[in-house]
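my_file13.cif follows; it contains mmCIF, N, CA and C atoms and all ligand atoms.
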data_my_file
#
loop_
_atom_site.group_PDB
_atom_site.id
_atom_site.type_symbol
_atom_site.label_atom_id
_atom_site.label_comp_id
_atom_site.auth_asym_id
_atom_site.auth_seq_id
_atom_site.Cartn_x
_atom_site.Cartn_y
_atom_site.Cartn_z
ATOM 1 N N MET A 1 -90.869 -16.860 65.802
ATOM 2 C CA MET A 1 -90.777 -17.723 66.977
ATOM 3 C C MET A 1 -90.722 -16.891 68.254
ATOM 4 N N PHE A 2 -91.371 -17.359 69.288
ATOM 5 C CA PHE A 2 -91.361 -16.593 70.521
ATOM 6 C C PHE A 2 -90.470 -17.266 71.556
ATOM 7 N N ASP A 3 -90.014 -16.512 72.496
ATOM 8 C CA ASP A 3 -89.253 -17.073 73.606
ATOM 9 C C ASP A 3 -90.025 -16.963 74.918
ATOM 10 N N THR A 4 -90.895 -15.979 74.975
ATOM 11 C CA THR A 4 -91.708 -15.838 76.178
ATOM 12 C C THR A 4 -93.169 -15.699 75.767
ATOM 13 N N VAL A 5 -94.045 -16.124 76.650
ATOM 14 C CA VAL A 5 -95.463 -15.939 76.388
ATOM 15 C C VAL A 5 -96.101 -15.379 77.650
ATOM 16 N N GLU A 6 -96.978 -14.453 77.432
ATOM 17 C CA GLU A 6 -97.598 -13.777 78.565
ATOM 18 C C GLU A 6 -98.732 -14.613 79.143
ATOM 19 N N CYS A 7 -98.709 -14.786 80.415
ATOM 20 C CA CYS A 7 -99.801 -15.496 81.071
ATOM 21 C C CYS A 7 -101.081 -14.668 80.952
ATOM 22 N N PRO A 8 -102.190 -15.299 80.512
ATOM 23 C CA PRO A 8 -103.432 -14.532 80.372
ATOM 24 C C PRO A 8 -104.055 -14.167 81.717
ATOM 25 N N TYR A 9 -103.563 -14.750 82.792
ATOM 26 C CA TYR A 9 -104.147 -14.458 84.109
ATOM 27 C C TYR A 9 -103.403 -13.361 84.848
ATOM 28 N N CYS A 10 -102.050 -13.465 84.828
ATOM 29 C CA CYS A 10 -101.308 -12.499 85.635
ATOM 30 C C CYS A 10 -100.325 -11.656 84.822
ATOM 31 N N ASP A 11 -100.328 -11.859 83.515
ATOM 32 C CA ASP A 11 -99.438 -11.109 82.625
ATOM 33 C C ASP A 11 -97.954 -11.402 82.827
ATOM 34 N N HIS A 12 -97.658 -12.470 83.531
ATOM 35 C CA HIS A 12 -96.260 -12.808 83.730
ATOM 36 C C HIS A 12 -95.679 -13.404 82.447
ATOM 37 N N ASP A 13 -94.484 -12.976 82.109
ATOM 38 C CA ASP A 13 -93.836 -13.536 80.926
ATOM 39 C C ASP A 13 -93.211 -14.885 81.263
ATOM 40 N N ASN A 14 -93.765 -15.930 80.663
ATOM 41 C CA ASN A 14 -93.234 -17.275 80.899
ATOM 42 C C ASN A 14 -92.196 -17.610 79.841
ATOM 43 N N ASP A 15 -91.085 -18.102 80.315
ATOM 44 C CA ASP A 15 -90.016 -18.455 79.382
ATOM 45 C C ASP A 15 -90.391 -19.716 78.624
ATOM 46 N N MET A 16 -90.386 -19.621 77.326
ATOM 47 C CA MET A 16 -90.824 -20.741 76.491
ATOM 48 C C MET A 16 -89.672 -21.388 75.726
ATOM 49 N N SER A 17 -88.466 -20.951 76.016
ATOM 50 C CA SER A 17 -87.370 -21.385 75.153
ATOM 51 C C SER A 17 -87.162 -22.894 75.132
ATOM 52 N N ASP A 18 -87.580 -23.592 76.204
ATOM 53 C CA ASP A 18 -87.475 -25.048 76.087
ATOM 54 C C ASP A 18 -88.844 -25.719 76.097
ATOM 55 N N GLY A 19 -89.878 -24.958 75.813
ATOM 56 C CA GLY A 19 -91.233 -25.511 75.798
ATOM 57 C C GLY A 19 -91.603 -26.156 74.484
ATOM 58 N N LEU A 20 -90.699 -26.088 73.503
ATOM 59 C CA LEU A 20 -91.053 -26.578 72.173
ATOM 60 C C LEU A 20 -90.492 -27.963 71.890
ATOM 61 N N VAL A 21 -89.930 -28.567 72.900
ATOM 62 C CA VAL A 21 -89.246 -29.834 72.660
ATOM 63 C C VAL A 21 -90.172 -30.910 72.108
ATOM 64 N N ASP A 22 -91.272 -31.190 72.836
ATOM 65 C CA ASP A 22 -92.200 -32.148 72.227
ATOM 66 C C ASP A 22 -93.532 -31.478 71.923
ATOM 67 N N LEU A 23 -93.493 -30.763 70.855
ATOM 68 C CA LEU A 23 -94.660 -30.024 70.425
ATOM 69 C C LEU A 23 -95.676 -30.970 69.780
ATOM 70 N N PRO A 24 -96.916 -30.955 70.264
ATOM 71 C CA PRO A 24 -97.927 -31.813 69.627
ATOM 72 C C PRO A 24 -98.231 -31.347 68.211
ATOM 73 N N SER A 25 -98.834 -32.234 67.458
ATOM 74 C CA SER A 25 -99.002 -31.957 66.031
ATOM 75 C C SER A 25 -99.916 -30.767 65.757
ATOM 76 N N ASP A 26 -100.812 -30.468 66.673
ATOM 77 C CA ASP A 26 -101.684 -29.325 66.409
ATOM 78 C C ASP A 26 -101.087 -28.006 66.905
ATOM 79 N N ASN A 27 -99.833 -28.070 67.349
ATOM 80 C CA ASN A 27 -99.106 -26.875 67.787
ATOM 81 C C ASN A 27 -99.726 -26.185 69.000
ATOM 82 N N LYS A 28 -100.522 -26.937 69.745
ATOM 83 C CA LYS A 28 -101.102 -26.360 70.954
ATOM 84 C C LYS A 28 -100.655 -27.183 72.146
ATOM 85 N N PHE A 29 -100.403 -26.517 73.219
ATOM 86 C CA PHE A 29 -100.115 -27.263 74.431
ATOM 87 C C PHE A 29 -100.499 -26.431 75.643
ATOM 88 N N ASP A 30 -100.656 -27.118 76.754
ATOM 89 C CA ASP A 30 -101.000 -26.427 77.985
ATOM 90 C C ASP A 30 -99.729 -26.116 78.749
ATOM 91 N N HIS A 31 -99.757 -24.991 79.385
ATOM 92 C CA HIS A 31 -98.587 -24.583 80.141
ATOM 93 C C HIS A 31 -99.043 -24.019 81.483
ATOM 94 N N GLU A 32 -98.288 -24.343 82.492
ATOM 95 C CA GLU A 32 -98.627 -23.815 83.800
ATOM 96 C C GLU A 32 -97.778 -22.587 84.066
ATOM 97 N N CYS A 33 -98.416 -21.515 84.391
ATOM 98 C CA CYS A 33 -97.702 -20.271 84.649
ATOM 99 C C CYS A 33 -96.750 -20.453 85.826
ATOM 100 N N VAL A 34 -95.512 -20.045 85.619
ATOM 101 C CA VAL A 34 -94.536 -20.188 86.705
ATOM 102 C C VAL A 34 -94.801 -19.185 87.834
ATOM 103 N N ASN A 35 -95.587 -18.192 87.543
ATOM 104 C CA ASN A 35 -95.841 -17.157 88.544
ATOM 105 C C ASN A 35 -97.097 -17.435 89.367
ATOM 106 N N CYS A 36 -98.253 -17.628 88.676
ATOM 107 C CA CYS A 36 -99.502 -17.775 89.413
ATOM 108 C C CYS A 36 -99.999 -19.221 89.441
ATOM 109 N N GLY A 37 -99.372 -20.099 88.652
ATOM 110 C CA GLY A 37 -99.749 -21.503 88.687
ATOM 111 C C GLY A 37 -100.989 -21.853 87.886
ATOM 112 N N GLU A 38 -101.586 -20.890 87.223
ATOM 113 C CA GLU A 38 -102.752 -21.176 86.387
ATOM 114 C C GLU A 38 -102.295 -21.859 85.092
ATOM 115 N N GLU A 39 -103.129 -22.784 84.608
ATOM 116 C CA GLU A 39 -102.809 -23.400 83.326
ATOM 117 C C GLU A 39 -103.470 -22.625 82.206
ATOM 118 N N PHE A 40 -102.734 -22.465 81.162
ATOM 119 C CA PHE A 40 -103.342 -21.835 79.995
ATOM 120 C C PHE A 40 -102.851 -22.514 78.740
ATOM 121 N N GLU A 41 -103.582 -22.264 77.691
ATOM 122 C CA GLU A 41 -103.259 -22.941 76.435
ATOM 123 C C GLU A 41 -102.382 -22.042 75.571
ATOM 124 N N ILE A 42 -101.391 -22.652 75.001
ATOM 125 C CA ILE A 42 -100.507 -21.905 74.112
ATOM 126 C C ILE A 42 -100.645 -22.492 72.717
ATOM 127 N N GLU A 43 -100.811 -21.647 71.789
ATOM 128 C CA GLU A 43 -100.814 -22.110 70.403
ATOM 129 C C GLU A 43 -99.591 -21.520 69.722
ATOM 130 N N VAL A 44 -98.813 -22.400 69.166
ATOM 131 C CA VAL A 44 -97.588 -21.943 68.521
ATOM 132 C C VAL A 44 -97.879 -21.594 67.079
ATOM 133 N N GLU A 45 -97.468 -20.426 66.698
ATOM 134 C CA GLU A 45 -97.623 -20.058 65.300
ATOM 135 C C GLU A 45 -96.248 -19.954 64.662
ATOM 136 N N PHE A 46 -96.082 -20.764 63.696
ATOM 137 C CA PHE A 46 -94.806 -20.704 62.988
ATOM 138 C C PHE A 46 -94.918 -19.717 61.852
ATOM 139 N N GLU A 47 -93.945 -18.881 61.778
ATOM 140 C CA GLU A 47 -93.956 -17.947 60.669
ATOM 141 C C GLU A 47 -93.512 -18.651 59.399
ATOM 142 N N PRO A 48 -94.208 -18.372 58.331
ATOM 143 C CA PRO A 48 -93.753 -18.981 57.077
ATOM 144 C C PRO A 48 -92.404 -18.400 56.693
ATOM 145 N N SER A 49 -91.593 -19.198 56.124
ATOM 146 C CA SER A 49 -90.304 -18.668 55.712
ATOM 147 C C SER A 49 -90.217 -18.674 54.192
ATOM 148 N N TYR A 50 -89.582 -17.690 53.715
ATOM 149 C CA TYR A 50 -89.460 -17.556 52.278
ATOM 150 C C TYR A 50 -87.991 -17.506 51.895
ATOM 151 N N SER A 51 -87.704 -18.036 50.780
ATOM 152 C CA SER A 51 -86.372 -17.811 50.257
ATOM 153 C C SER A 51 -86.548 -17.139 48.907
ATOM 154 N N SER A 52 -85.597 -16.356 48.558
ATOM 155 C CA SER A 52 -85.780 -15.617 47.326
ATOM 156 C C SER A 52 -84.556 -15.702 46.445
ATOM 157 N N SER A 53 -84.798 -15.554 45.204
ATOM 158 C CA SER A 53 -83.684 -15.457 44.279
ATOM 159 C C SER A 53 -84.112 -14.559 43.132
ATOM 160 N N LYS A 54 -83.151 -13.963 42.502
ATOM 161 C CA LYS A 54 -83.456 -13.063 41.402
ATOM 162 C C LYS A 54 -84.026 -13.833 40.228
ATOM 163 N N ILE A 55 -84.932 -13.183 39.561
ATOM 164 C CA ILE A 55 -85.424 -13.783 38.324
ATOM 165 C C ILE A 55 -84.490 -13.347 37.215
ATOM 166 N N GLU A 56 -83.901 -14.318 36.597
ATOM 167 C CA GLU A 56 -82.987 -13.964 35.518
ATOM 168 C C GLU A 56 -83.496 -14.510 34.200
ATOM 169 N N TYR A 57 -83.589 -13.630 33.281
ATOM 170 C CA TYR A 57 -83.997 -14.052 31.959
ATOM 171 C C TYR A 57 -82.769 -14.186 31.081
ATOM 172 N N VAL A 58 -82.739 -15.259 30.364
ATOM 173 C CA VAL A 58 -81.656 -15.378 29.401
ATOM 174 C C VAL A 58 -82.276 -15.597 28.028
ATOM 175 N N ASN A 59 -81.526 -15.236 27.029
ATOM 176 C CA ASN A 59 -82.012 -15.470 25.684
ATOM 177 C C ASN A 59 -81.502 -16.802 25.185
ATOM 178 N N CYS A 60 -82.416 -17.590 24.698
ATOM 179 C CA CYS A 60 -82.029 -18.853 24.100
ATOM 180 C C CYS A 60 -81.056 -18.573 22.967
ATOM 181 N N GLN A 61 -79.962 -19.308 22.950
ATOM 182 C CA GLN A 61 -78.949 -19.034 21.932
ATOM 183 C C GLN A 61 -79.329 -19.571 20.563
ATOM 184 N N LYS A 62 -80.423 -20.292 20.525
ATOM 185 C CA LYS A 62 -80.855 -20.807 19.236
ATOM 186 C C LYS A 62 -82.009 -19.992 18.659
ATOM 187 N N CYS A 63 -83.087 -19.900 19.414
ATOM 188 C CA CYS A 63 -84.259 -19.221 18.862
ATOM 189 C C CYS A 63 -84.368 -17.777 19.339
ATOM 190 N N ARG A 64 -83.465 -17.351 20.247
ATOM 191 C CA ARG A 64 -83.400 -15.975 20.729
ATOM 192 C C ARG A 64 -84.574 -15.572 21.608
ATOM 193 N N ARG A 65 -85.402 -16.546 21.949
ATOM 194 C CA ARG A 65 -86.519 -16.217 22.820
ATOM 195 C C ARG A 65 -86.024 -16.072 24.252
ATOM 196 N N GLU A 66 -86.688 -15.211 25.015
ATOM 197 C CA GLU A 66 -86.332 -15.081 26.423
ATOM 198 C C GLU A 66 -86.893 -16.249 27.205
ATOM 199 N N THR A 67 -86.083 -16.784 28.079
ATOM 200 C CA THR A 67 -86.579 -17.864 28.913
ATOM 201 C C THR A 67 -86.095 -17.671 30.342
ATOM 202 N N ARG A 68 -86.937 -18.063 31.262
ATOM 203 C CA ARG A 68 -86.603 -17.915 32.682
ATOM 204 C C ARG A 68 -85.900 -19.133 33.200
ATOM 205 N N ASP A 69 -86.107 -20.228 32.520
ATOM 206 C CA ASP A 69 -85.606 -21.490 33.037
ATOM 207 C C ASP A 69 -84.892 -22.251 31.929
ATOM 208 N N PRO A 70 -83.726 -21.778 31.569
ATOM 209 C CA PRO A 70 -83.051 -22.371 30.421
ATOM 210 C C PRO A 70 -82.368 -23.693 30.765
ATOM 211 N N ALA A 71 -82.124 -24.478 29.758
ATOM 212 C CA ALA A 71 -81.253 -25.638 29.927
ATOM 213 C C ALA A 71 -79.839 -25.109 29.772
ATOM 214 N N LYS A 72 -78.979 -25.489 30.700
ATOM 215 C CA LYS A 72 -77.622 -24.951 30.685
ATOM 216 C C LYS A 72 -76.598 -26.058 30.598
ATOM 217 N N LYS A 73 -75.625 -25.847 29.765
ATOM 218 C CA LYS A 73 -74.547 -26.822 29.669
ATOM 219 C C LYS A 73 -73.818 -26.873 31.015
ATOM 220 N N GLY A 74 -73.576 -28.061 31.501
ATOM 221 C CA GLY A 74 -72.903 -28.195 32.794
ATOM 222 C C GLY A 74 -73.890 -28.282 33.943
ATOM 223 N N ARG A 75 -75.141 -27.921 33.664
ATOM 224 C CA ARG A 75 -76.142 -27.974 34.718
ATOM 225 C C ARG A 75 -77.278 -28.914 34.333
ATOM 226 N N THR A 76 -77.478 -29.068 33.043
ATOM 227 C CA THR A 76 -78.537 -29.921 32.552
ATOM 228 C C THR A 76 -77.932 -31.206 32.004
ATOM 229 N N PHE A 77 -78.449 -32.316 32.458
ATOM 230 C CA PHE A 77 -77.933 -33.605 31.997
ATOM 231 C C PHE A 77 -79.057 -34.464 31.456
ATOM 232 N N PRO A 78 -78.852 -35.267 30.467
ATOM 233 C CA PRO A 78 -77.634 -35.266 29.665
ATOM 234 C C PRO A 78 -77.627 -34.103 28.685
ATOM 235 N N TRP A 79 -76.455 -33.619 28.395
ATOM 236 C CA TRP A 79 -76.339 -32.525 27.428
ATOM 237 C C TRP A 79 -75.886 -33.120 26.099
ATOM 238 N N PRO A 80 -76.780 -33.102 25.112
ATOM 239 C CA PRO A 80 -76.400 -33.715 23.832
ATOM 240 C C PRO A 80 -75.127 -33.098 23.263
ATOM 241 N N LYS A 81 -74.246 -33.942 22.797
ATOM 242 C CA LYS A 81 -72.940 -33.477 22.328
ATOM 243 C C LYS A 81 -73.022 -32.512 21.166
ATOM 244 N N GLN A 82 -74.053 -32.699 20.323
ATOM 245 C CA GLN A 82 -74.080 -31.855 19.126
ATOM 246 C C GLN A 82 -74.518 -30.427 19.404
ATOM 247 N N ILE A 83 -74.952 -30.143 20.633
ATOM 248 C CA ILE A 83 -75.357 -28.766 20.923
ATOM 249 C C ILE A 83 -74.116 -27.908 21.142
ATOM 250 N N GLU A 84 -73.962 -26.924 20.299
ATOM 251 C CA GLU A 84 -72.805 -26.050 20.447
ATOM 252 C C GLU A 84 -73.088 -24.909 21.412
ATOM 253 N N GLU A 85 -74.366 -24.569 21.525
ATOM 254 C CA GLU A 85 -74.737 -23.481 22.428
ATOM 255 C C GLU A 85 -74.585 -23.932 23.890
ATOM 256 N N THR A 86 -74.531 -22.963 24.784
ATOM 257 C CA THR A 86 -74.425 -23.302 26.199
ATOM 258 C C THR A 86 -75.717 -23.011 26.971
ATOM 259 N N GLU A 87 -76.603 -22.239 26.364
ATOM 260 C CA GLU A 87 -77.882 -21.963 27.007
ATOM 261 C C GLU A 87 -79.002 -22.033 25.985
ATOM 262 N N LEU A 88 -79.945 -22.903 26.263
ATOM 263 C CA LEU A 88 -81.069 -23.057 25.352
ATOM 264 C C LEU A 88 -82.374 -23.024 26.132
ATOM 265 N N CYS A 89 -83.422 -22.533 25.490
ATOM 266 C CA CYS A 89 -84.724 -22.644 26.126
ATOM 267 C C CYS A 89 -85.098 -24.131 26.119
ATOM 268 N N ILE A 90 -86.024 -24.482 26.986
ATOM 269 C CA ILE A 90 -86.333 -25.896 27.147
ATOM 270 C C ILE A 90 -86.830 -26.523 25.844
ATOM 271 N N SER A 91 -87.627 -25.772 25.080
ATOM 272 C CA SER A 91 -88.160 -26.400 23.870
ATOM 273 C C SER A 91 -87.063 -26.682 22.850
ATOM 274 N N CYS A 92 -86.114 -25.746 22.696
ATOM 275 C CA CYS A 92 -84.994 -26.019 21.793
ATOM 276 C C CYS A 92 -84.166 -27.192 22.315
ATOM 277 N N PHE A 93 -83.987 -27.204 23.599
ATOM 278 C CA PHE A 93 -83.188 -28.271 24.194
ATOM 279 C C PHE A 93 -83.814 -29.637 23.930
ATOM 280 N N LEU A 94 -85.142 -29.704 24.106
ATOM 281 C CA LEU A 94 -85.815 -30.985 23.901
ATOM 282 C C LEU A 94 -85.731 -31.438 22.456
ATOM 283 N N ILE A 95 -85.795 -30.471 21.552
ATOM 284 C CA ILE A 95 -85.664 -30.811 20.135
ATOM 285 C C ILE A 95 -84.292 -31.438 19.880
ATOM 286 N N GLU A 96 -83.259 -30.815 20.449
ATOM 287 C CA GLU A 96 -81.899 -31.335 20.270
ATOM 288 C C GLU A 96 -81.739 -32.708 20.927
ATOM 289 N N LEU A 97 -82.367 -32.834 22.090
ATOM 290 C CA LEU A 97 -82.270 -34.102 22.806
ATOM 291 C C LEU A 97 -82.897 -35.222 21.981
ATOM 292 N N GLU A 98 -84.013 -34.894 21.391
ATOM 293 C CA GLU A 98 -84.714 -35.839 20.545
ATOM 294 C C GLU A 98 -83.830 -36.261 19.365
ATOM 295 N N LYS A 99 -83.195 -35.267 18.752
ATOM 296 C CA LYS A 99 -82.295 -35.539 17.632
ATOM 297 C C LYS A 99 -81.219 -36.521 18.055
ATOM 298 N N GLN A 100 -80.681 -36.241 19.226
ATOM 299 C CA GLN A 100 -79.609 -37.082 19.751
ATOM 300 C C GLN A 100 -80.076 -38.527 19.879
ATOM 301 N N TYR A 101 -81.294 -38.680 20.424
ATOM 302 C CA TYR A 101 -81.806 -40.042 20.621
ATOM 303 C C TYR A 101 -82.037 -40.742 19.297
ATOM 304 N N SER A 102 -82.609 -40.020 18.332
ATOM 305 C CA SER A 102 -82.888 -40.687 17.064
ATOM 306 C C SER A 102 -81.588 -41.043 16.352
ATOM 307 N N LYS A 103 -80.562 -40.215 16.512
ATOM 308 C CA LYS A 103 -79.262 -40.518 15.949
ATOM 309 C C LYS A 103 -78.695 -41.803 16.548
ATOM 310 N N GLU A 104 -78.800 -41.891 17.864
ATOM 311 C CA GLU A 104 -78.287 -43.074 18.552
ATOM 312 C C GLU A 104 -79.004 -44.341 18.077
ATOM 313 N N GLU A 105 -80.301 -44.213 17.891
ATOM 314 C CA GLU A 105 -81.075 -45.354 17.423
ATOM 315 C C GLU A 105 -80.599 -45.812 16.055
ATOM 316 N N GLU A 106 -80.381 -44.851 15.186
ATOM 317 C CA GLU A 106 -79.899 -45.167 13.844
ATOM 318 C C GLU A 106 -78.588 -45.937 13.896
ATOM 319 N N SER A 107 -77.676 -45.427 14.740
ATOM 320 C CA SER A 107 -76.355 -46.030 14.772
ATOM 321 C C SER A 107 -76.381 -47.450 15.366
ATOM 322 N N HIS A 108 -77.437 -47.734 16.115
ATOM 323 C CA HIS A 108 -77.508 -49.071 16.699
ATOM 324 C C HIS A 108 -78.073 -50.106 15.735
ATOM 325 N N VAL A 109 -78.778 -49.622 14.710
ATOM 326 C CA VAL A 109 -79.399 -50.551 13.770
ATOM 327 C C VAL A 109 -78.345 -51.206 12.875
HETATM 328 ZN ZN ZN B 201 -99.774 -16.346 85.608
HETATM 329 ZN ZN ZN B 202 -84.962 -21.713 21.997
#

Represent the supplied structure as structure tokens.
Amino acid sequence: MFDTVECPYCDHDNDMSDGLVDLPSDNKFDHECVNCGEEFEIEVEFEPSYSSSKIEYVNCQKCRRETRDPAKKGRTFPWPKQIEETELCISCFLIELEKQYSKEEESHV
């Protein structure tokens, strides 16, 4: 983000800190130089922002496969009661979830 923009006519630094209030959708607007009075076009470029987090691999407690995105007890809902493990890969988790559902169906019959 910028705070000043240089006038293309006189090189004067124009303060832009309150020029972003009603920014048009194409991020371009005209501005009159406070120094020489010439109008010029400003195009705002927003820097992309990134957020980062560590990649953590955990081993599925059932099949021992490494997974980046495990189902975790306390974080994944619903957590079938019969799962004794606390971290499972998604495929093991889905298998257990399925078991849970079929069990429930049986008990309702
Ligand atoms: Zn100027
Ligand atoms: Zn697994």

Per residue of chain A within 8 Å of ligand ZN 201 (chain B), note the shortest atom pair and the distance in Å to one decimal, counting only N, CA and C atoms and all ligand atoms, and order the rows by chain and increasing residue number, as CSV.
residue,atom,partner,partner_atom,distance
A:Glu6,C,B:ZN201,ZN,6.8
A:Cys7,CA,B:ZN201,ZN,4.6
A:Pro8,N,B:ZN201,ZN,5.7
A:Tyr9,C,B:ZN201,ZN,4.8
A:Cys10,N,B:ZN201,ZN,3.8
A:Asp11,N,B:ZN201,ZN,5.0
A:His12,N,B:ZN201,ZN,4.9
A:Asp13,N,B:ZN201,ZN,7.2
A:Asn14,N,B:ZN201,ZN,7.8
A:Glu32,C,B:ZN201,ZN,6.7
A:Cys33,CA,B:ZN201,ZN,4.5
A:Val34,N,B:ZN201,ZN,5.6
A:Asn35,C,B:ZN201,ZN,4.7
A:Cys36,N,B:ZN201,ZN,3.7
A:Gly37,N,B:ZN201,ZN,4.8
A:Glu38,N,B:ZN201,ZN,5.2
A:Glu39,N,B:ZN201,ZN,7.3

Residues up to 8 Å from ligand ZN 202 (chain B), counting only N, CA and C atoms and all ligand atoms: could you list those as a list in words?
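I would give the residues around ligand ZN 202 (chain B) as Asn59, Cys60, Gln61, Lys62, Cys63, Arg64, Arg65, Glu66, Thr67, Glu87, Leu88, Cys89, Ile90, Ser91, Cys92 and Phe93 of chain A.
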
A:Asp3: which residues within 6.5 Å, counting only N, CA and C atoms, same-chain residues fewer than 3 positions away excluded, as a PyMOL selection string?
chain A and resi 14-17

Pairwise distance for atom CA of A:Glu47 and atom CA of A:Ser25, rounded to one decimal in Å
15.8 Å

Selection under test: the PyMOL selection byres (((chain A and resi 42 and name CA) around 9) and not hetatm and name CA); residues as an NGL selection string:
:A and (5 or 27-31 or 40-41 or 43-44)

Every residue of chain A that DSSP places in strand (DSSP E), as a list in words:
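Here are the strand (DSSP E) residues of chain A: Thr4, Val5, Glu6, Asp13, Asn14, Asp15, Lys28, Phe29, Asp30, His31, Glu32, Glu39, Phe40, Glu41, Ile42, Glu43, Val58, Asn59, Glu66, Thr67, Ala71, Lys72, Glu87 and Leu88 of chain A.
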
Atom-to-atom span, atom CA of A:Lys72 and atom CA of A:Ser51, Å
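Computed distance, atom CA of A:Lys72 to atom CA of A:Ser51, equals 22.6 Å.
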
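With distances restricted to all atoms listed in the file, A:Pro80 is the closest residue to A:Tyr101 from A:Ser49, A:Pro70, A:Pro80, A:Lys54.
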
For stretch 46-54 of chain A, I'd like the enclosing box, axis-aligned and padded by 4 Å on every side, reported as JSON with centre and edge lengths in Å to one decimal.
{"center_x": -89.6, "center_y": -16.9, "center_z": 52.0, "size_x": 20.9, "size_y": 15.7, "size_z": 31.5}

So what do you get for atom C of A:Glu84 versus atom C of A:Glu96, distance-wise?
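Separating atom C of A:Glu84 from atom C of A:Glu96 is a distance of 11.7 Å.
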
DSSP alpha helix (DSSP H) residues within chain A, as a ChimeraX atom specification:
/A:90-108

If the PyMOL selection byres (((chain A and resi 56 and name CA) around 9) and not hetatm and name CA) is run on the structure shown, which residues does it catch, given as a PyMOL selection string?
chain A and resi 53-55+57-58+67-69
